[in-house]
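Undergrad: So I've got this file, entry31.cif, and it contains mmCIF, C-alpha atoms:
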```
data_query
#
loop_
_atom_site.label_atom_id
_atom_site.label_comp_id
_atom_site.auth_asym_id
_atom_site.auth_seq_id
_atom_site.Cartn_x
_atom_site.Cartn_y
_atom_site.Cartn_z
CA MET A 1 26.69 -48.39 26.79
CA ASN A 2 29.92 -47.85 24.95
CA ILE A 3 28.87 -47.17 21.34
CA ALA A 4 31.64 -47.02 18.74
CA PHE A 5 30.97 -45.45 15.35
CA LEU A 6 33.23 -46.58 12.52
CA ILE A 7 33.47 -43.68 10.07
CA ASN A 8 35.76 -42.64 7.22
CA GLN A 9 37.57 -39.79 8.99
CA THR A 10 36.49 -37.51 11.84
CA HIS A 11 37.28 -34.26 10.03
CA LYS A 12 34.86 -35.23 7.23
CA GLU A 13 31.86 -35.54 9.56
CA GLU A 14 29.22 -32.78 9.49
CA ASP A 15 26.60 -31.74 12.02
CA GLY A 16 23.74 -32.64 9.65
CA PHE A 17 24.94 -36.20 9.10
CA THR A 18 22.70 -38.95 10.44
CA THR A 19 25.74 -40.42 12.20
CA THR A 20 26.20 -37.16 14.12
CA LEU A 21 22.53 -37.11 15.11
CA LEU A 22 22.70 -40.71 16.33
CA ALA A 23 25.91 -40.08 18.27
CA TYR A 24 24.57 -36.92 19.89
CA GLU A 25 21.33 -38.64 20.89
CA ALA A 26 23.28 -41.56 22.37
CA LEU A 27 25.44 -39.14 24.34
CA ARG A 28 22.36 -37.26 25.50
CA ARG A 29 20.87 -40.53 26.75
CA GLY A 30 23.93 -41.20 28.93
CA HIS A 31 26.08 -43.40 26.70
CA THR A 32 29.78 -43.06 25.92
CA ILE A 33 30.48 -42.54 22.23
CA ILE A 34 33.67 -43.61 20.49
CA TYR A 35 34.64 -42.44 17.01
CA ILE A 36 36.98 -44.70 15.05
CA GLY A 37 38.33 -43.99 11.57
CA LEU A 38 38.97 -46.71 9.01
CA ALA A 39 42.73 -46.23 9.46
CA ASP A 40 42.69 -46.44 13.28
CA PHE A 41 42.63 -50.17 14.09
CA VAL A 42 45.43 -52.19 15.71
CA TYR A 43 45.48 -55.99 15.30
CA ILE A 44 47.16 -57.80 18.19
CA ASP A 45 45.67 -61.26 17.78
CA ASP A 46 42.39 -62.80 16.68
CA ARG A 47 40.84 -62.14 20.10
CA HIS A 48 42.45 -58.78 20.71
CA VAL A 49 41.81 -55.76 18.49
CA GLU A 50 42.30 -52.16 19.57
CA ALA A 51 41.76 -48.79 17.91
CA HIS A 52 43.17 -45.28 18.19
CA ALA A 53 39.83 -43.76 19.13
CA ARG A 54 38.31 -40.41 20.02
CA ILE A 55 36.15 -40.86 23.11
CA ILE A 56 33.43 -38.63 24.57
CA THR A 57 31.92 -39.73 27.87
CA ALA A 58 28.38 -39.01 28.97
CA ASP A 59 29.52 -36.59 31.68
CA THR A 60 31.10 -34.26 29.10
CA ALA A 61 29.27 -30.93 28.92
CA ILE A 62 28.07 -30.91 25.31
CA GLY A 63 24.86 -29.10 24.41
CA SER A 64 24.62 -29.41 20.62
CA LYS A 65 25.68 -31.43 17.61
CA GLU A 66 28.11 -28.66 16.66
CA GLU A 67 29.74 -28.84 20.09
CA LEU A 68 29.99 -32.60 19.75
CA LEU A 69 31.91 -32.41 16.48
CA GLY A 70 34.10 -29.62 17.83
CA SER A 71 34.97 -31.70 20.87
CA LEU A 72 35.69 -34.80 18.78
CA ARG A 73 38.12 -32.86 16.61
CA ARG A 74 39.96 -31.49 19.66
CA VAL A 75 40.16 -34.61 21.79
CA GLU A 76 43.34 -36.67 21.55
CA LYS A 77 43.12 -40.23 20.27
CA GLN A 78 43.76 -43.01 22.77
CA ARG A 79 44.21 -46.74 22.44
CA TYR A 80 40.91 -48.47 23.13
CA ASN A 81 40.30 -52.21 23.50
CA MET A 82 37.43 -53.21 21.21
CA ALA A 83 36.45 -55.93 23.69
CA ASP A 84 35.06 -53.07 25.78
CA VAL A 85 32.55 -51.81 23.20
CA ASP A 86 28.91 -52.78 23.50
CA VAL A 87 28.18 -51.84 19.89
CA LEU A 88 30.36 -51.21 16.86
CA TRP A 89 28.16 -49.29 14.40
CA LEU A 90 29.50 -49.27 10.84
CA ARG A 91 28.66 -45.82 9.47
CA PHE A 92 31.29 -45.23 6.78
CA ASP A 93 30.82 -44.67 3.06
CA PRO A 94 33.11 -46.97 1.02
CA VAL A 95 32.97 -44.64 -1.97
CA MET A 96 34.51 -41.71 -0.08
CA ASP A 97 37.83 -43.58 0.07
CA MET A 98 37.64 -45.35 -3.28
CA TYR A 99 40.27 -43.15 -4.96
CA ASN A 100 42.67 -41.90 -2.28
CA ARG A 101 42.50 -44.84 0.13
CA PRO A 102 41.21 -47.85 -1.86
CA TRP A 103 42.26 -50.22 0.93
CA ALA A 104 40.26 -48.48 3.67
CA ALA A 105 36.73 -49.88 3.30
CA ALA A 106 37.85 -53.49 2.85
CA MET A 107 40.12 -53.29 5.90
CA GLY A 108 37.35 -51.68 7.94
CA LEU A 109 35.06 -54.61 7.15
CA GLN A 110 37.77 -57.14 8.00
CA PHE A 111 38.37 -55.55 11.39
CA ALA A 112 34.62 -55.36 11.96
CA GLN A 113 34.37 -59.10 11.27
CA LEU A 114 37.13 -59.79 13.78
CA ILE A 115 35.31 -57.73 16.40
CA LYS A 116 32.08 -59.60 15.68
CA TYR A 117 33.94 -62.91 16.16
CA MET A 118 35.20 -61.53 19.50
CA GLY A 119 31.56 -61.64 20.59
CA ARG A 120 30.71 -57.95 20.26
CA LEU A 121 27.55 -56.63 18.60
CA VAL A 122 28.39 -55.16 15.18
CA ILE A 123 25.75 -53.39 13.07
CA ASN A 124 25.08 -53.66 10.23
CA ASP A 125 26.39 -57.25 10.09
CA PRO A 126 29.84 -57.08 8.44
CA ASP A 127 29.61 -60.61 7.01
CA TYR A 128 26.67 -59.52 4.88
CA LEU A 129 28.01 -56.02 4.22
CA VAL A 130 30.84 -57.72 2.33
CA GLN A 131 28.18 -58.99 -0.07
CA ALA A 132 26.50 -55.58 -0.15
CA SER A 133 29.60 -53.55 -0.99
CA ASN A 134 28.06 -52.20 -4.21
CA LYS A 135 24.74 -51.72 -6.00
CA LEU A 136 24.57 -55.36 -7.11
CA TYR A 137 23.21 -56.19 -3.65
CA LEU A 138 19.80 -55.17 -4.98
CA GLU A 139 19.93 -58.07 -7.46
CA ASN A 140 19.53 -60.51 -4.55
CA PHE A 141 15.93 -59.38 -4.12
CA PRO A 142 12.81 -60.32 -6.13
CA LYS A 143 12.74 -59.20 -9.76
CA ALA A 144 9.35 -57.60 -9.25
CA VAL A 145 10.78 -54.91 -6.94
CA ARG A 146 13.81 -53.83 -8.98
CA PRO A 147 14.25 -52.12 -12.35
CA LYS A 148 15.55 -54.02 -15.38
CA THR A 149 19.32 -53.91 -15.11
CA LEU A 150 22.44 -54.75 -17.10
CA VAL A 151 25.99 -54.73 -15.68
CA THR A 152 28.89 -54.52 -18.12
CA ARG A 153 31.89 -52.47 -19.25
CA PHE A 154 31.13 -52.75 -22.98
CA VAL A 155 29.36 -50.02 -24.96
CA SER A 156 27.93 -52.60 -27.39
CA ASP A 157 26.13 -54.38 -24.54
CA ILE A 158 24.58 -51.13 -23.35
CA GLN A 159 23.54 -50.19 -26.89
CA ALA A 160 21.73 -53.52 -27.20
CA PHE A 161 20.11 -53.01 -23.79
CA MET A 162 18.91 -49.55 -24.81
CA GLU A 163 17.18 -51.01 -27.87
CA THR A 164 15.05 -53.13 -25.53
CA GLN A 165 14.22 -50.21 -23.24
CA GLY A 166 12.95 -47.53 -25.60
CA ASP A 167 14.40 -44.06 -25.80
CA LYS A 168 16.04 -43.59 -22.36
CA ILE A 169 18.18 -45.44 -19.85
CA ILE A 170 20.08 -44.55 -16.68
CA LEU A 171 23.82 -45.19 -16.41
CA LYS A 172 25.73 -45.22 -13.12
CA PRO A 173 28.72 -46.94 -11.50
CA VAL A 174 28.27 -50.26 -9.74
CA LYS A 175 30.17 -48.78 -6.80
CA GLY A 176 29.09 -45.24 -6.10
CA SER A 177 27.04 -42.98 -3.85
CA GLY A 178 25.71 -39.47 -3.56
CA GLY A 179 24.55 -39.34 -7.18
CA LYS A 180 28.08 -39.14 -8.58
CA ASN A 181 28.40 -40.17 -12.24
CA VAL A 182 24.68 -40.85 -12.71
CA PHE A 183 23.51 -40.05 -16.25
CA LEU A 184 20.29 -40.10 -18.25
CA ILE A 185 21.04 -41.27 -21.80
CA SER A 186 18.70 -40.80 -24.76
CA ALA A 187 18.68 -43.10 -27.78
CA GLY A 188 19.39 -40.20 -30.14
CA ALA A 189 22.86 -39.54 -28.71
CA PRO A 190 25.04 -42.62 -29.45
CA GLN A 191 28.30 -40.68 -29.26
CA ASN A 192 27.31 -39.33 -25.86
CA LEU A 193 26.61 -42.92 -24.78
CA LYS A 194 30.10 -44.07 -25.74
CA GLN A 195 31.79 -41.20 -23.91
CA THR A 196 29.64 -41.65 -20.81
CA VAL A 197 30.33 -45.38 -20.56
CA GLU A 198 34.06 -44.75 -20.90
CA VAL A 199 33.96 -42.19 -18.06
CA ILE A 200 32.11 -44.53 -15.69
CA ALA A 201 34.09 -47.64 -16.71
CA ARG A 202 37.36 -46.02 -15.68
CA ASP A 203 36.39 -46.84 -12.10
CA GLY A 204 34.88 -50.29 -12.67
CA TYR A 205 31.68 -51.82 -13.97
CA VAL A 206 28.72 -49.84 -15.31
CA ILE A 207 25.05 -50.33 -14.43
CA ALA A 208 22.53 -49.68 -17.19
CA GLN A 209 19.00 -49.43 -15.81
CA GLU A 210 15.57 -48.92 -17.26
CA TYR A 211 14.34 -45.35 -17.00
CA LEU A 212 11.26 -44.94 -14.82
CA PRO A 213 9.09 -41.95 -15.84
CA GLU A 214 8.02 -41.57 -12.20
CA ALA A 215 11.59 -40.43 -11.49
CA THR A 216 10.60 -36.92 -12.60
CA LYS A 217 8.78 -36.67 -9.26
CA GLY A 218 11.94 -37.56 -7.30
CA ASP A 219 12.36 -40.57 -5.07
CA LEU A 220 11.31 -41.79 -1.65
CA ARG A 221 13.96 -42.50 1.00
CA PHE A 222 12.29 -45.02 3.30
CA PHE A 223 13.94 -46.29 6.49
CA LEU A 224 13.79 -49.79 7.90
CA LEU A 225 14.88 -50.83 11.38
CA GLU A 226 15.71 -54.54 11.59
CA GLY A 227 13.71 -55.09 8.42
CA GLU A 228 10.58 -53.27 9.58
CA PRO A 229 9.29 -49.78 8.68
CA ILE A 230 9.92 -47.19 11.36
CA VAL A 231 6.49 -45.81 12.21
CA ILE A 232 5.56 -43.74 15.27
CA ASP A 233 2.07 -42.32 15.87
CA GLY A 234 1.18 -43.08 12.26
CA GLU A 235 4.21 -41.23 10.84
CA TYR A 236 6.80 -43.13 8.82
CA ALA A 237 10.52 -42.44 8.82
CA ALA A 238 10.62 -41.42 5.16
CA VAL A 239 11.45 -38.43 3.00
CA GLN A 240 10.35 -37.53 -0.50
CA ARG A 241 13.36 -36.07 -2.32
CA VAL A 242 12.46 -33.81 -5.24
CA GLN A 243 15.27 -32.93 -7.62
CA LYS A 244 15.84 -29.40 -8.81
CA GLU A 245 14.77 -28.43 -12.33
CA GLY A 246 16.94 -29.96 -15.04
CA GLU A 247 18.49 -32.48 -12.64
CA ILE A 248 17.86 -36.26 -12.66
CA ARG A 249 19.49 -36.96 -9.28
CA SER A 250 17.45 -36.82 -6.09
CA ASN A 251 20.36 -36.56 -3.64
CA ILE A 252 19.97 -33.73 -1.14
CA HIS A 253 23.55 -32.52 -1.54
CA GLN A 254 22.99 -32.38 -5.31
CA GLY A 255 20.34 -29.73 -4.77
CA ALA A 256 17.23 -31.83 -4.19
CA THR A 257 14.55 -30.63 -1.79
CA ALA A 258 13.15 -32.79 1.00
CA VAL A 259 9.38 -32.78 1.49
CA LYS A 260 7.11 -34.85 3.68
CA ALA A 261 6.60 -38.32 2.24
CA GLN A 262 3.22 -39.80 1.42
CA VAL A 263 3.45 -43.47 2.39
CA ASP A 264 0.57 -45.55 1.05
CA ASP A 265 -0.29 -49.26 0.92
CA HIS A 266 1.52 -49.56 -2.41
CA VAL A 267 4.81 -48.50 -0.79
CA LEU A 268 4.28 -50.79 2.19
CA ARG A 269 3.58 -53.80 -0.06
CA LEU A 270 6.79 -53.06 -1.96
CA VAL A 271 8.78 -52.82 1.28
CA GLU A 272 7.24 -56.04 2.57
CA GLN A 273 8.81 -57.96 -0.32
CA VAL A 274 12.35 -57.09 0.79
CA SER A 275 12.02 -56.76 4.55
CA GLY A 276 12.52 -60.45 5.33
CA LYS A 277 15.88 -60.76 3.61
CA ILE A 278 17.09 -57.43 5.00
CA LYS A 279 16.41 -58.73 8.50
CA GLU A 280 18.00 -62.11 7.74
CA ASP A 281 21.12 -60.30 6.52
CA GLY A 282 21.52 -58.56 9.88
CA MET A 283 20.89 -55.08 8.54
CA TYR A 284 19.91 -52.95 11.54
CA LEU A 285 19.30 -49.58 9.85
CA VAL A 286 18.67 -49.41 6.10
CA GLY A 287 17.45 -46.76 3.66
CA LEU A 288 15.46 -47.81 0.59
CA ASP A 289 15.31 -45.50 -2.44
CA ILE A 290 11.95 -46.01 -4.13
CA VAL A 291 10.73 -44.69 -7.49
CA GLY A 292 7.22 -45.64 -8.54
CA ASP A 293 6.83 -49.39 -8.07
CA LYS A 294 10.57 -50.15 -7.97
CA ILE A 295 13.34 -50.02 -5.38
CA MET A 296 16.29 -48.32 -7.03
CA GLU A 297 18.85 -48.84 -4.26
CA ILE A 298 19.22 -50.44 -0.84
CA ASN A 299 21.51 -48.26 1.28
CA VAL A 300 23.12 -50.41 3.97
CA TYR A 301 26.28 -48.53 4.96
CA SER A 302 25.44 -45.01 6.09
CA PRO A 303 21.94 -44.07 4.90
CA GLY A 304 21.22 -40.41 5.52
CA ALA A 305 18.16 -38.13 5.85
CA LEU A 306 16.79 -39.63 9.07
CA GLY A 307 17.02 -36.19 10.66
CA LEU A 308 15.09 -34.68 7.77
CA ALA A 309 12.33 -37.24 8.30
CA SER A 310 12.12 -36.13 11.93
CA GLN A 311 12.01 -32.45 10.98
CA LEU A 312 9.26 -32.96 8.40
CA THR A 313 7.04 -35.07 10.65
CA GLY A 314 7.84 -33.68 14.10
CA VAL A 315 8.64 -37.23 15.27
CA ASP A 316 11.89 -38.16 17.01
CA PHE A 317 12.99 -41.07 14.82
CA VAL A 318 16.62 -40.69 15.89
CA GLY A 319 15.72 -41.15 19.55
CA HIS A 320 13.60 -44.16 18.64
CA VAL A 321 16.51 -45.83 16.83
CA ILE A 322 18.81 -45.37 19.84
CA GLN A 323 16.11 -46.58 22.23
CA GLN A 324 15.64 -49.72 20.15
CA LEU A 325 19.41 -50.22 20.09
CA GLU A 326 19.48 -50.12 23.90
CA MET A 327 16.94 -52.96 23.95
CA LYS A 328 18.84 -54.90 21.29
CA VAL A 329 22.08 -54.69 23.27
CA LYS A 330 20.38 -55.94 26.44
CA GLY A 331 19.06 -58.95 24.53
CA PHE A 332 22.37 -59.60 22.77
CA TYR A 333 24.45 -59.86 25.93
CA ARG A 334 21.82 -61.52 28.11
#
```
Step by step, read the file and then write its structure as structure tokens.

TA:
Amino acid sequence: MNIAFLINQTHKEEDGFTTTLLAYEALRRGHTIIYIGLADFVYIDDRHVEAHARIITADTAIGSKEELLGSLRRVEKQRYNMADVDVLWLRFDPVMDMYNRPWAAAMGLQFAQLIKYMGRLVINDPDYLVQASNKLYLENFPKAVRPKTLVTRFVSDIQAFMETQGDKIILKPVKGSGGKNVFLISAGAPQNLKQTVEVIARDGYVIAQEYLPEATKGDLRFFLLEGEPIVIDGEYAAVQRVQKEGEIRSNIHQGATAVKAQVDDHVLRLVEQVSGKIKEDGMYLVGLDIVGDKIMEINVYSPGALGLASQLTGVDFVGHVIQQLEMKVKGFYR
């Protein structure tokens, strides 16, 4: 297969990224991989889109993820007809370009839609990713699975919401990732509340969310493939992320520690309530962030930590995802 990965920029990729693991596994299995940045597309007409792409063929001697990234950064870009891809895999983070290239993510989705309309397989489905461009996507799912939430830019609204929630709430941007600008606010600090809302609101709307005491134990990153849990030999593709002392964020690059997840019937019942819509929305690979009995976020763009799940369980989840993709492509073009 010719598998194209749409990313932010090649020089920002790292060897521990899930995208890198997926690309390396695909290459190892004999596929050609094509890296395309959000700024690399060329529109010729509605049935002809090309990209200035970095291409690594299966016969290239590459023995590690580090060698893969090194080769990608050395290889010259070449014009590539997107009609020749078997899969365009959208693996970019819209937030990474929100400040310096605010046009990039929206244009990437538009080009992805064009390529889908050309009859190529695009994952996750760009038509639904448009609707899932920020954290409000979670509000499309049953109330029972999500925390109480308010979205506003007014301090007075958040003050009123806090009065209904007790002594603590979480504040974060509607459009954000990686734990940036996520704050725990206590009722006894009204001035801190005002300043925090102003900081977040500079970049858009603010989410106020009920505080879940279970968050002190971290969160569970749980992977779904086409709406179903990834489970091999009784092991689930999941990671428990435990934040460092004094930190409320469970993101790995914010200092959290990954430990083996304990997946019980309670978690599976929670996942079951959202799996149908995730599949209907054409979301191939998704990461759920679960705290207690609530899903805090549904990560549909470039969910990470799949490699950590493999390391902690000894199960090759990355290989499984690529193997399933091979079967999906055969069915798509049959």

Undergrad: Would you please work out which residue, of A:Phe17, A:Tyr333, A:Tyr301, A:Tyr80, is nearest to Asn134 of chain A when using all atoms listed in the file?

TA: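 Of A:Phe17, A:Tyr333, A:Tyr301, A:Tyr80, the one nearest Asn134 of chain A, counting all atoms listed in the file, is A:Tyr301.
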
Undergrad: Excluding same-chain residues fewer than 5 positions from segment 216-224 of chain A, what lies within 6 Å of it counting all atoms listed in the file, as JSON, numbers by chain?

TA: {"A": [229, 230, 237, 238, 239, 240, 241, 242, 243, 250, 285, 286, 287, 288, 289, 290, 291]}

Undergrad: Evaluated on this file, the PyMOL selection byres ((chain A and resi 58) around 8) picks out some residues - which ones are they, written as a PDB file with C-alpha atoms, in the frame of the given file?

TA:
```
ATOM      1  CA  LEU A  27      25.440 -39.140  24.340  1.00  0.00           C
ATOM      2  CA  ARG A  28      22.360 -37.260  25.500  1.00  0.00           C
ATOM      3  CA  ARG A  29      20.870 -40.530  26.750  1.00  0.00           C
ATOM      4  CA  GLY A  30      23.930 -41.200  28.930  1.00  0.00           C
ATOM      5  CA  HIS A  31      26.080 -43.400  26.700  1.00  0.00           C
ATOM      6  CA  THR A  32      29.780 -43.060  25.920  1.00  0.00           C
ATOM      7  CA  ILE A  33      30.480 -42.540  22.230  1.00  0.00           C
ATOM      8  CA  ILE A  56      33.430 -38.630  24.570  1.00  0.00           C
ATOM      9  CA  THR A  57      31.920 -39.730  27.870  1.00  0.00           C
ATOM     10  CA  ASP A  59      29.520 -36.590  31.680  1.00  0.00           C
ATOM     11  CA  THR A  60      31.100 -34.260  29.100  1.00  0.00           C
TER      12      THR A  60
END
```

Undergrad: What's the separation between atom CA of Ala305 of chain A and atom CA of Val182 of chain A, in Å to one decimal place?

TA: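 Between atom CA of Ala305 of chain A and atom CA of Val182 of chain A the gap works out to 19.9 Å.
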
Undergrad: List the residues selected by the PyMOL selection byres ((chain A and resi 26) around 12) in the file shown, writing them as a PyMOL selection string.

TA: chain A and resi 1-5+19-25+27-34+56-58+65+68+87+318-326

Undergrad: On this structure, which residues satisfy the PyMOL selection byres ((chain A and resi 232) around 9), written as number ranges by chain?

TA: A: 230-231, 233-237, 315-317, 320

Undergrad: Could you state the separation of atom CA of Asp264 of chain A and atom CA of Gln311 of chain A in Å, given to one decimal place?

TA: 20.0 Å

Undergrad: Restricting the calculation to all atoms listed in the file, which member of A:Glu67, A:Glu76, A:Asp45, A:Asp86 is positioned closest to Phe332 of chain A?

TA: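 Closest to Phe332 of chain A, using all atoms listed in the file: A:Asp86.
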
Undergrad: Considering all atoms listed in the file, can you say which of A:Met96, A:Leu212, A:Leu72, A:Ala53 comes closest to Asp15 of chain A?

TA: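 Selected residue with least distance to Asp15 of chain A: A:Leu72.
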
Undergrad: Counting only C-alpha atoms, which residue out of A:Asp265, A:Asp281, A:Glu272, A:Asp293 sits closest to Pro126 of chain A?

TA: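 Of all the options, A:Asp281 lies closest to Pro126 of chain A.
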
Undergrad: Could you list, as an mmCIF file with C-alpha atoms, in the coordinates of the input, every residue within 7 Å of Tyr284 of chain A, counting all atoms listed in the file and ignoring same-chain residues fewer than 3 positions away?

TA:
```cif
data_model
loop_
_atom_site.group_PDB
_atom_site.id
_atom_site.type_symbol
_atom_site.label_atom_id
_atom_site.label_comp_id
_atom_site.auth_asym_id
_atom_site.auth_seq_id
_atom_site.Cartn_x
_atom_site.Cartn_y
_atom_site.Cartn_z
ATOM 1 C CA ILE A 123 25.750 -53.390 13.070
ATOM 2 C CA ASN A 124 25.080 -53.660 10.230
ATOM 3 C CA LEU A 225 14.880 -50.830 11.380
ATOM 4 C CA GLU A 226 15.710 -54.540 11.590
#
```

Undergrad: Just how far from atom CA of Met283 of chain A is atom CA of Gly227 of chain A, in Å to one decimal?

TA: 7.2 Å

Undergrad: Nearest to Ile207 of chain A among A:Glu14, A:Asp167, A:Glu66, A:Asp157, with distances taken over only C-alpha atoms: which residue is it?

TA: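 Ranked by minimum distance to Ile207 of chain A, first place goes to A:Asp157.
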
Undergrad: Find the residue from A:Ala132, A:Asn192, A:Tyr205, A:Tyr211 that sits nearest to Ile169 of chain A; use all atoms listed in the file when measuring.

TA: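 Nearest to Ile169 of chain A: A:Tyr211.
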